[in-house]
Amino acid sequence: MSVNDNLFVIIMASAIFYGTPLVFASLGELLAERSGVLNLGVEGMMLLGAVAAAWVSTNVGGPAIVVLPLAIVAAMIAAGLGASIHAFLTITLRVNQIISGLALTIFAGAAGLSSYLAGIWQLGQTPVKHQFGKIDVFGLSGVPVVGPILFHQTLLTYFSWVLVVAASFYLFRTRAGLHLRAVGESPQTADSVGISVSRYRYFHVIFGGSFAGIAGACFSLMIVPTWVDGMTAGQGWIALALVIFGFWRPDLTLIGAYLFGALSSLGLTLQARGIHISTALLTALPYVMTIVVLVVVSNTASRRQLGAPAALGKPYEREER
Amino acid sequence: MSRFGLRLEPRSNLPKWLPWAVPVGSFLAALLVGAIVLFATGQNALSVYGRILDRAFLSEGAFTGTLISATPLLFTGLCAAVAFRIGFFNIGGEGQFVMGAIFGSGIALKLGADAPGILSVAAMVIFGAVGGGLWGLIPGILKARFKTNEIITSLMLNYVAAVIATYLIFDSNSFWRELTGSGAVFPKGKILPVGSWWPNLDFGSIIVPFGFVLGMVIAGWLYVLQRKTRFGFEMRVVGGAPTTARYAGMKPTRIVVAVAALSGALAGIGGAADIGNFRHVLDPKGLQQSGFGYAGIVVAALARLNPVAVVFVAVLLGGITNAGYALRGPDFPAGLVGVLQGLILFCTLGGEVLARYRITRSVRTPAGVNILEAS
């Protein structure tokens, strides 16, 4: 038995595999929240992305190298459109962000538009035509321990790493990132120096939402990979918790995503090893963990110290200045 | 002015028709947008809506089915309405509903076939309330004690509750599971003794499930509680101005915990009612697919958090849900019920703003410059 069949290596590798959609989804939510807008529609936007990607992958002709990027773009557009409803309602009409986000998830989610479209497009009977398979990077997948973990993943995983680095750079090293954080911390101040609060909020809610679309595409093109109604199974909600868990920082959010990826895959991995444990109870673990983490986090430090944007959840009413 | 901005000016006095116009207008607007979605995807919206109307309210026995679907929505609607009233965003109605169903079915099975029916039904109501209430207490206490965000915790508990129900029927030899007969091959729950099935009130052409009547009584009680009692007054103050509540010597955290338990108990009775009136068995998959907890939020919003209005809205949305079940099949678009529910919620949110504010086009001027003063 090679060292790469070691339980630790398998769990680490599958943690990254199953954690990848969580990285995209929580990164997108992080951008929206940094601008001061909470979006509980992640789950719904993920399913919109998943269904759009499944449609493109099944129905658009051409080689995989053309179709798969198209599928990702379609997923981003579909989820971005969903996010733009939330953006209009919360930024322009200043409605309650919590209920608006929930409305988006009900509208687009497991019993909503995503299933509606999948029914009309007759998806789900067969696996999608083009999928993201694991690739052997530089022929290093056989390297002990790090090979299967780091060099034998799908392109989507590597893309998510690029996005995490880019998002960190954007947030903390660029002028626009500084403006974004200002808008989330103190929209009045940002406004007074000429930063358009609503423009920043619109852009980051919609662009962040499109990341949730990629997260959905991870399910329909990589993990499952076919269309199943409600296939994201509540991962969108975990993404929301991960943003808090990661203190609104892209790098920590990535670590959190892999931790949860490990928990989600633990049941499958252990069962494959013949270790008998109730799968039902194991599936509850990520959700229970989320609650525990939130309690610890909210009890040990104040929200300000954690890095929560001060204006998160509050509509900006310029007239009141 | 903001570049994307429409300008919102608060109306100085809110017109009397507002409480009616917003829900009615939002509902119609949602149907209109839904029709556009249907047309855009090649469906005949008029015929789809016609079939929904027929199977929800008009055809033989349809209204009875609608009341059966409306009963859980009534309870989860009350659950959301009570909690949202004080700004406690309990999104956990789904899980509290399932826990109520587990507790309610558990006590009915425990009492067995020999117990008098009235005792079994009363015990199911109480145990349902306890199950849902305990589940609702968790986010309430965490919020009050640790300031933990109740939205995420209540949501996560929905999944935990669903897992517990699945575990009891599919993954263990629990008390709820049928282990003899066909249950030995295909996992399923024990059927509740017939004596514990909730009665139906027969009004000739319409049969009203007992759970619905119970829900109406509780809605009336909540209305009185909120309008006429000290606790209701404190709820309103905590919901409107938490700081004021503290200055006035109220204990907002205590009220949050009490309302969280009450809210959960309401959803829990709904779960027990769904089992008692309709399923007569703990059916995790059926409970999960129905999504009554989330739909309850739509009900509460459309009813503008008024417990009495929740009754009527529950019947309206119960009609759509019932028609969705009845028409399920290859020639009826799946997912339409969720689309309509989401649209109703969007339109209610937007409609509330349109009614409260006057909307004008914003004039673009540099920040900080008043166009009148400058000229």
# chains A, B, ... in the order shown; residues from 1 in each chain; ligands from 1

$ residues_around --residues "region 226-232 of chain B" --least-positions-apart "4" --cutoff "12 Å" --atoms "only C-alpha atoms" --output "ChimeraX atom specification"
/B:81-83,85-86,219-222,236-239,250-252,254-256,258-259,305-308

$ write_last_selection --atoms "C-alpha atoms" --output "compact mmCIF listing (two decimals), in the first residue's frame"
# COMPACT_ATOMS: atom_id res chain seq x y z
CA ALA B 81 -44.71 36.54 12.10
CA VAL B 82 -44.22 36.41 15.87
CA ALA B 83 -40.43 36.25 15.69
CA ARG B 85 -42.21 41.24 14.92
CA ILE B 86 -39.45 41.67 17.51
CA ALA B 219 -53.92 33.14 15.58
CA GLY B 220 -56.75 34.94 17.39
CA TRP B 221 -55.03 34.38 20.73
CA LEU B 222 -51.76 35.80 19.35
CA ARG B 236 -43.67 45.80 20.22
CA VAL B 237 -41.23 48.03 22.08
CA VAL B 238 -38.37 45.53 21.75
CA GLY B 239 -39.16 45.13 18.05
CA MET B 250 -37.67 45.78 30.13
CA LYS B 251 -35.35 42.85 29.61
CA PRO B 252 -34.97 42.50 25.85
CA ARG B 254 -35.68 37.62 28.16
CA ILE B 255 -38.29 38.65 25.63
CA VAL B 256 -36.10 37.36 22.80
CA ALA B 258 -39.53 33.80 25.26
CA VAL B 259 -40.51 34.76 21.72
CA LEU B 305 -46.83 40.02 10.33
CA ASN B 306 -50.47 40.28 11.42
CA PRO B 307 -51.54 36.93 12.98
CA VAL B 308 -55.14 37.17 11.77

$ residues_around --residues "Leu281 (chain A)" --least-positions-apart "6" --cutoff "9 Å" --atoms "only C-alpha atoms" --output "PyMOL selection string"
chain B and resi 160+163-164+167+171

$ write_last_selection --atoms "N, CA and C atoms" --output "PDB file, in the first residue's frame"
ATOM      1  N   VAL B 160     -29.994  20.036  10.719  1.00  0.00           N
ATOM      2  CA  VAL B 160     -29.790  19.055  11.784  1.00  0.00           C
ATOM      3  C   VAL B 160     -31.102  18.311  12.063  1.00  0.00           C
ATOM      4  N   VAL B 163     -31.751  15.811   9.431  1.00  0.00           N
ATOM      5  CA  VAL B 163     -30.875  14.655   9.601  1.00  0.00           C
ATOM      6  C   VAL B 163     -31.400  13.741  10.704  1.00  0.00           C
ATOM      7  N   ILE B 164     -31.880  14.343  11.811  1.00  0.00           N
ATOM      8  CA  ILE B 164     -32.407  13.524  12.909  1.00  0.00           C
ATOM      9  C   ILE B 164     -33.596  12.700  12.423  1.00  0.00           C
ATOM     10  N   TYR B 167     -32.389   9.941  10.285  1.00  0.00           N
ATOM     11  CA  TYR B 167     -31.721   8.932  11.108  1.00  0.00           C
ATOM     12  C   TYR B 167     -32.748   8.014  11.764  1.00  0.00           C
ATOM     13  N   ASP B 171     -31.865   5.123   9.298  1.00  0.00           N
ATOM     14  CA  ASP B 171     -30.500   4.797   9.678  1.00  0.00           C
ATOM     15  C   ASP B 171     -30.389   4.176  11.069  1.00  0.00           C
TER      16      ASP B 171
END

$ interface_residues --of "chain B" --to "chain A" --cutoff "7 Å" --atoms "only C-alpha atoms" --output "NGL selection string"
:B and (2 or 4-6 or 146-148 or 152-153 or 156 or 159-160 or 163 or 166-167 or 171 or 333-339 or 341-343 or 345-346 or 349-350 or 353 or 367)

$ residues_around --residues "Leu287 (chain B)" --least-positions-apart "4" --cutoff "8 Å" --atoms "only C-alpha atoms" --output "PyMOL selection string"
chain B and resi 98+283+291

$ closest_atom_pairs --of "region 140-187 of chain B" --to "region 294-302 of chain B" --cutoff "12 Å" --atoms "only C-alpha atoms" --output "JSON lines"
{"residue": "B:Ser154", "atom": "CA", "partner": "B:Tyr294", "partner_atom": "CA", "distance": 11.8}
{"residue": "B:Leu155", "atom": "CA", "partner": "B:Tyr294", "partner_atom": "CA", "distance": 10.1}
{"residue": "B:Asn158", "atom": "CA", "partner": "B:Tyr294", "partner_atom": "CA", "distance": 10.2}

$ write_last_selection --atoms "N, CA and C atoms" --output "mmCIF file, in the first residue's frame"
data_model
loop_
_atom_site.group_PDB
_atom_site.id
_atom_site.type_symbol
_atom_site.label_atom_id
_atom_site.label_comp_id
_atom_site.auth_asym_id
_atom_site.auth_seq_id
_atom_site.Cartn_x
_atom_site.Cartn_y
_atom_site.Cartn_z
ATOM 1 N N SER B 154 -30.319 29.295 13.326
ATOM 2 C CA SER B 154 -31.630 28.667 13.128
ATOM 3 C C SER B 154 -31.650 27.900 11.802
ATOM 4 N N LEU B 155 -30.955 28.464 10.803
ATOM 5 C CA LEU B 155 -30.872 27.789 9.507
ATOM 6 C C LEU B 155 -30.161 26.442 9.589
ATOM 7 N N ASN B 158 -32.141 23.690 10.903
ATOM 8 C CA ASN B 158 -33.069 23.063 9.952
ATOM 9 C C ASN B 158 -32.472 21.775 9.401
#

$ residues_around --residues "region 253-260 of chain A" --least-positions-apart "5" --cutoff "9 Å" --atoms "only C-alpha atoms" --output "ChimeraX atom specification"
/A:12,14-24,26-27,30,161,164,238-239,242-248,265,286,289-290

$ write_last_selection --atoms "C-alpha atoms" --output "mmCIF file, in the first residue's frame"
data_model
loop_
_atom_site.group_PDB
_atom_site.id
_atom_site.type_symbol
_atom_site.label_atom_id
_atom_site.label_comp_id
_atom_site.auth_asym_id
_atom_site.auth_seq_id
_atom_site.Cartn_x
_atom_site.Cartn_y
_atom_site.Cartn_z
ATOM 1 C CA MET A 12 -7.045 16.033 2.619
ATOM 2 C CA SER A 14 -11.195 15.106 -0.903
ATOM 3 C CA ALA A 15 -11.435 18.067 1.495
ATOM 4 C CA ILE A 16 -10.044 20.269 -1.257
ATOM 5 C CA PHE A 17 -12.227 18.616 -3.899
ATOM 6 C CA TYR A 18 -15.461 18.987 -1.918
ATOM 7 C CA GLY A 19 -14.453 22.336 -0.441
ATOM 8 C CA THR A 20 -13.951 23.992 -3.830
ATOM 9 C CA PRO A 21 -17.562 25.154 -4.346
ATOM 10 C CA LEU A 22 -17.513 26.548 -0.796
ATOM 11 C CA VAL A 23 -14.427 28.603 -1.678
ATOM 12 C CA PHE A 24 -16.164 30.225 -4.653
ATOM 13 C CA SER A 26 -17.960 32.248 0.314
ATOM 14 C CA LEU A 27 -15.514 34.421 -1.628
ATOM 15 C CA LEU A 30 -17.360 38.056 1.219
ATOM 16 C CA TRP A 161 -6.826 29.525 -5.754
ATOM 17 C CA VAL A 164 -8.476 33.852 -3.586
ATOM 18 C CA ILE A 238 -22.524 27.063 5.007
ATOM 19 C CA ALA A 239 -20.796 29.547 2.684
ATOM 20 C CA LEU A 242 -17.715 30.593 6.397
ATOM 21 C CA VAL A 243 -17.481 34.317 5.733
ATOM 22 C CA ILE A 244 -17.923 34.936 9.451
ATOM 23 C CA PHE A 245 -15.655 31.987 10.279
ATOM 24 C CA GLY A 246 -12.960 33.493 8.019
ATOM 25 C CA PHE A 247 -13.276 36.952 9.601
ATOM 26 C CA TRP A 248 -14.163 38.421 6.193
ATOM 27 C CA SER A 265 -16.525 13.958 2.700
ATOM 28 C CA PRO A 286 -20.819 20.437 9.287
ATOM 29 C CA MET A 289 -19.803 22.635 13.635
ATOM 30 C CA THR A 290 -21.009 25.878 12.051
#

$ select_by_dssp --residues "region 169-317 of chain B" --states "strand (DSSP E)" --output "list of chain:residue names"
B:Asn200, B:Leu201, B:Asp202, B:Phe203, B:Ile206, B:Ile207, B:Val208, B:Pro209

$ write_last_selection --atoms "N, CA and C atoms" --output "JSON list (two decimals), in the first residue's frame"
[["chain", "number", "residue", "atom", "x", "y", "z"],
["B", 200, "ASN", "N", -61.75, 15.59, 11.51],
["B", 200, "ASN", "CA", -62.11, 16.60, 10.52],
["B", 200, "ASN", "C", -63.50, 17.11, 10.83],
["B", 201, "LEU", "N", -63.70, 18.40, 10.65],
["B", 201, "LEU", "CA", -65.03, 18.96, 10.88],
["B", 201, "LEU", "C", -65.75, 19.01, 9.54],
["B", 202, "ASP", "N", -66.88, 18.31, 9.47],
["B", 202, "ASP", "CA", -67.56, 18.16, 8.20],
["B", 202, "ASP", "C", -68.65, 19.21, 8.04],
["B", 203, "PHE", "N", -68.48, 20.10, 7.08],
["B", 203, "PHE", "CA", -69.51, 21.10, 6.79],
["B", 203, "PHE", "C", -70.16, 20.79, 5.46],
["B", 206, "ILE", "N", -67.50, 21.14, 2.36],
["B", 206, "ILE", "CA", -66.14, 21.46, 2.78],
["B", 206, "ILE", "C", -65.81, 20.72, 4.07],
["B", 207, "ILE", "N", -64.65, 20.08, 4.09],
["B", 207, "ILE", "CA", -64.20, 19.40, 5.30],
["B", 207, "ILE", "C", -63.03, 20.19, 5.86],
["B", 208, "VAL", "N", -63.16, 20.64, 7.10],
["B", 208, "VAL", "CA", -62.10, 21.46, 7.70],
["B", 208, "VAL", "C", -61.29, 20.61, 8.66],
["B", 209, "PRO", "N", -59.98, 20.49, 8.43],
["B", 209, "PRO", "CA", -59.16, 19.71, 9.35],
["B", 209, "PRO", "C", -59.08, 20.40, 10.71]]

$ residues_around --residues "Leu262 (chain B)" --least-positions-apart "6" --cutoff "9 Å" --atoms "only C-alpha atoms" --output "ChimeraX atom specification"
/B:79,82-83,129,132-133,136-137

$ atom_distance --atom1 "CA of Ser210 (chain A)" --atom2 "CA of Leu123 (chain A)"
21.6 Å

$ residues_around --residues "Ala74 (chain A)" --least-positions-apart "6" --cutoff "8 Å" --atoms "only C-alpha atoms" --output "VMD selection string"
chain A and resid 49 52 to 53 56

$ write_last_selection --atoms "N, CA and C atoms" --output "PDB file, in the first residue's frame"
ATOM      1  N   GLY A  49     -26.671  28.915 -11.091  1.00  0.00           N
ATOM      2  CA  GLY A  49     -25.412  28.659 -11.792  1.00  0.00           C
ATOM      3  C   GLY A  49     -25.293  27.204 -12.215  1.00  0.00           C
ATOM      4  N   ALA A  52     -27.598  26.482 -15.206  1.00  0.00           N
ATOM      5  CA  ALA A  52     -27.125  27.114 -16.438  1.00  0.00           C
ATOM      6  C   ALA A  52     -25.908  26.362 -16.985  1.00  0.00           C
ATOM      7  N   ALA A  53     -24.980  26.013 -16.085  1.00  0.00           N
ATOM      8  CA  ALA A  53     -23.777  25.296 -16.515  1.00  0.00           C
ATOM      9  C   ALA A  53     -24.137  23.920 -17.084  1.00  0.00           C
ATOM     10  N   VAL A  56     -25.507  24.370 -20.656  1.00  0.00           N
ATOM     11  CA  VAL A  56     -24.482  24.664 -21.664  1.00  0.00           C
ATOM     12  C   VAL A  56     -23.662  23.407 -21.943  1.00  0.00           C
TER      13      VAL A  56
END

$ closest_residue --among "A:Leu155, A:Val205, A:Ala311, A:Ala182" --to "Val137 (chain A)" --atoms "only C-alpha atoms"
A:Leu155

$ select_by_dssp --residues "region 76-175 of chain A" --states "alpha helix (DSSP H)" --output "PyMOL selection string"
chain A and resi 76-87+97-108+113-120+146-150+155-173+175

$ closest_residue --among "B:Phe332, B:Ala303, B:Ala272, B:Thr321" --to "Pro23 (chain B)" --atoms "only C-alpha atoms"
B:Ala303

$ closest_residue --among "B:Leu316, B:Cys347, B:Ala260, B:Val24" --to "Lys143 (chain B)" --atoms "only C-alpha atoms"
B:Ala260

$ atom_distance --atom1 "CA of Arg246 (chain B)" --atom2 "CA of Lys314 (chain A)"
22.0 Å

$ decode --residues "region 37-48 of chain A" --atoms "N, CA and C atoms" --output "JSON list (two decimals), in the first residue's frame"
[["chain", "number", "residue", "atom", "x", "y", "z"],
["A", 37, "VAL", "N", -23.47, 44.70, 2.05],
["A", 37, "VAL", "CA", -24.74, 44.05, 1.72],
["A", 37, "VAL", "C", -24.66, 42.56, 2.04],
["A", 38, "LEU", "N", -25.57, 42.12, 2.92],
["A", 38, "LEU", "CA", -25.68, 40.70, 3.25],
["A", 38, "LEU", "C", -26.59, 40.05, 2.20],
["A", 39, "ASN", "N", -26.16, 38.93, 1.64],
["A", 39, "ASN", "CA", -27.00, 38.28, 0.63],
["A", 39, "ASN", "C", -27.25, 36.83, 1.04],
["A", 40, "LEU", "N", -28.46, 36.57, 1.54],
["A", 40, "LEU", "CA", -28.81, 35.20, 1.94],
["A", 40, "LEU", "C", -29.27, 34.37, 0.74],
["A", 41, "GLY", "N", -29.08, 34.92, -0.47],
["A", 41, "GLY", "CA", -29.54, 34.20, -1.66],
["A", 41, "GLY", "C", -28.49, 33.26, -2.23],
["A", 42, "VAL", "N", -27.39, 33.02, -1.50],
["A", 42, "VAL", "CA", -26.28, 32.22, -2.05],
["A", 42, "VAL", "C", -26.77, 30.87, -2.57],
["A", 43, "GLU", "N", -27.55, 30.18, -1.74],
["A", 43, "GLU", "CA", -28.05, 28.85, -2.12],
["A", 43, "GLU", "C", -28.82, 28.92, -3.45],
["A", 44, "GLY", "N", -29.68, 29.90, -3.57],
["A", 44, "GLY", "CA", -30.46, 30.05, -4.80],
["A", 44, "GLY", "C", -29.59, 30.38, -6.00],
["A", 45, "MET", "N", -28.63, 31.29, -5.80],
["A", 45, "MET", "CA", -27.76, 31.68, -6.91],
["A", 45, "MET", "C", -26.89, 30.51, -7.34],
["A", 46, "MET", "N", -26.46, 29.68, -6.36],
["A", 46, "MET", "CA", -25.66, 28.50, -6.72],
["A", 46, "MET", "C", -26.46, 27.58, -7.63],
["A", 47, "LEU", "N", -27.72, 27.37, -7.28],
["A", 47, "LEU", "CA", -28.54, 26.46, -8.09],
["A", 47, "LEU", "C", -28.80, 27.04, -9.48],
["A", 48, "LEU", "N", -28.95, 28.37, -9.57],
["A", 48, "LEU", "CA", -29.09, 28.98, -10.89],
["A", 48, "LEU", "C", -27.84, 28.73, -11.72]]
